[in-house]
Amino acid sequence: MLYSVSTGNGNDGVSHMFADYYVNTDDPWRLARLALVSSFKNEWKERALDAANIDGESEYTIAAVIYDPLDEVYDEESGSWSESNGTWFIVEVFPEDDPREGRPVYDSIDEAFESADLSLVTKED
């Protein structure tokens, strides 16, 4: 099945009309985790995966959300970053029937992501 991948944040949102790219897969949950991890530099990938809240339904939308910046030090008096600014980072994966022209379309997860990311986010996760 073809899925759209779109990134954003709590202020600008995530576009379901203008996806970043499309991937054919039978594992949209892994796709969401991979799309999240691949958005970060190597030194932040594992931390991003640990911080993510991943939820949804594959028939509609799976969201991988990181509420606060990964390098934030939480201060109880001032509250968290997301309480004032909205969600810090969002990846949404959702079914697509008609990919938008000019956006990359990958035939598989293996084609869409680097081998290091594929090793970090295994099928068993």
# chains A, B, ... in the order shown; residues from 1 in each chain; ligands from 1

call {"tool": "select_by_dssp", "arguments": {"residues": "segment 2-107 of chain A", "states": "strand (DSSP E or B)", "output": "PyMOL selection string"}}
result
chain A and resi 2-9+13+21-24+53-57+61-66+75+79+89-95+105-106

call {"tool": "closest_atom_pairs", "arguments": {"of": "segment 17-123 of chain A", "to": "segment 6-11 of chain A", "cutoff": "7 Å", "atoms": "only C-alpha atoms", "output": "JSON lines"}}
result
{"residue": "A:Ala19", "atom": "CA", "partner": "A:Ser6", "partner_atom": "CA", "distance": 4.7}
{"residue": "A:Asp20", "atom": "CA", "partner": "A:Ser6", "partner_atom": "CA", "distance": 5.0}
{"residue": "A:Gly86", "atom": "CA", "partner": "A:Gly10", "partner_atom": "CA", "distance": 4.4}
{"residue": "A:Thr87", "atom": "CA", "partner": "A:Gly10", "partner_atom": "CA", "distance": 4.1}
{"residue": "A:Trp88", "atom": "CA", "partner": "A:Asn9", "partner_atom": "CA", "distance": 5.3}
{"residue": "A:Phe89", "atom": "CA", "partner": "A:Asn9", "partner_atom": "CA", "distance": 4.6}
{"residue": "A:Ile90", "atom": "CA", "partner": "A:Gly8", "partner_atom": "CA", "distance": 5.2}
{"residue": "A:Val91", "atom": "CA", "partner": "A:Thr7", "partner_atom": "CA", "distance": 4.4}
{"residue": "A:Glu92", "atom": "CA", "partner": "A:Ser6", "partner_atom": "CA", "distance": 5.3}
{"residue": "A:Val93", "atom": "CA", "partner": "A:Ser6", "partner_atom": "CA", "distance": 6.7}

call {"tool": "select_by_dssp", "arguments": {"residues": "chain A", "states": "helix (DSSP H, G or I)", "output": "PyMOL selection string"}}
result
chain A and resi 28-37+42-51+81-85+109-112+115-120

call {"tool": "closest_residue", "arguments": {"among": "A:Leu120, A:Met17, A:Leu34, A:Leu2", "to": "Ser58 of chain A", "atoms": "only C-alpha atoms"}}
result
A:Leu2

call {"tool": "residues_around", "arguments": {"residues": "Ala112 of chain A", "least_positions_apart": "6", "cutoff": "10 Å", "atoms": "only C-alpha atoms", "output": "list in words"}}
result
Tyr21, Tyr22, Val23, Asn24, Leu31, Leu34, Ala35, Ser38, Pro104, Val105, Tyr106 and Leu118 of chain A

call {"tool": "residues_around", "arguments": {"residues": "Phe94 of chain A", "least_positions_apart": "6", "cutoff": "7 Å", "atoms": "only C-alpha atoms", "output": "number ranges by chain"}}
result
A: 3-5, 58, 60-62

call {"tool": "write_last_selection", "arguments": {"atoms": "N, CA, C and O atoms", "output": "tab-separated table (two decimals), in the first residue's frame"}}
result
chain	number	residue	atom	x	y	z
A	3	TYR	N	1.87	4.96	1.11
A	3	TYR	CA	1.66	5.88	2.23
A	3	TYR	C	2.40	7.18	1.97
A	3	TYR	O	3.50	7.18	1.43
A	4	SER	N	1.78	8.29	2.39
A	4	SER	CA	2.41	9.61	2.37
A	4	SER	C	3.17	9.80	3.67
A	4	SER	O	2.74	9.31	4.72
A	5	VAL	N	4.25	10.54	3.61
A	5	VAL	CA	5.01	10.92	4.80
A	5	VAL	C	5.11	12.45	4.78
A	5	VAL	O	5.55	13.03	3.80
A	58	SER	N	-3.50	2.74	11.05
A	58	SER	CA	-2.87	2.69	9.73
A	58	SER	C	-3.85	3.01	8.60
A	58	SER	O	-3.43	3.44	7.53
A	60	TYR	N	-5.94	5.40	8.68
A	60	TYR	CA	-6.16	6.85	8.67
A	60	TYR	C	-4.83	7.60	8.77
A	60	TYR	O	-4.34	8.12	7.78
A	61	THR	N	-4.26	7.68	9.95
A	61	THR	CA	-3.00	8.39	10.15
A	61	THR	C	-2.26	7.81	11.35
A	61	THR	O	-2.86	7.55	12.38
A	62	ILE	N	-0.97	7.62	11.17
A	62	ILE	CA	-0.07	7.27	12.28
A	62	ILE	C	0.80	8.50	12.51
A	62	ILE	O	1.41	9.01	11.57

call {"tool": "atom_distance", "arguments": {"atom1": "atom CA of Val65 of chain A", "atom2": "atom CA of Asn53 of chain A"}}
result
5.1 Å
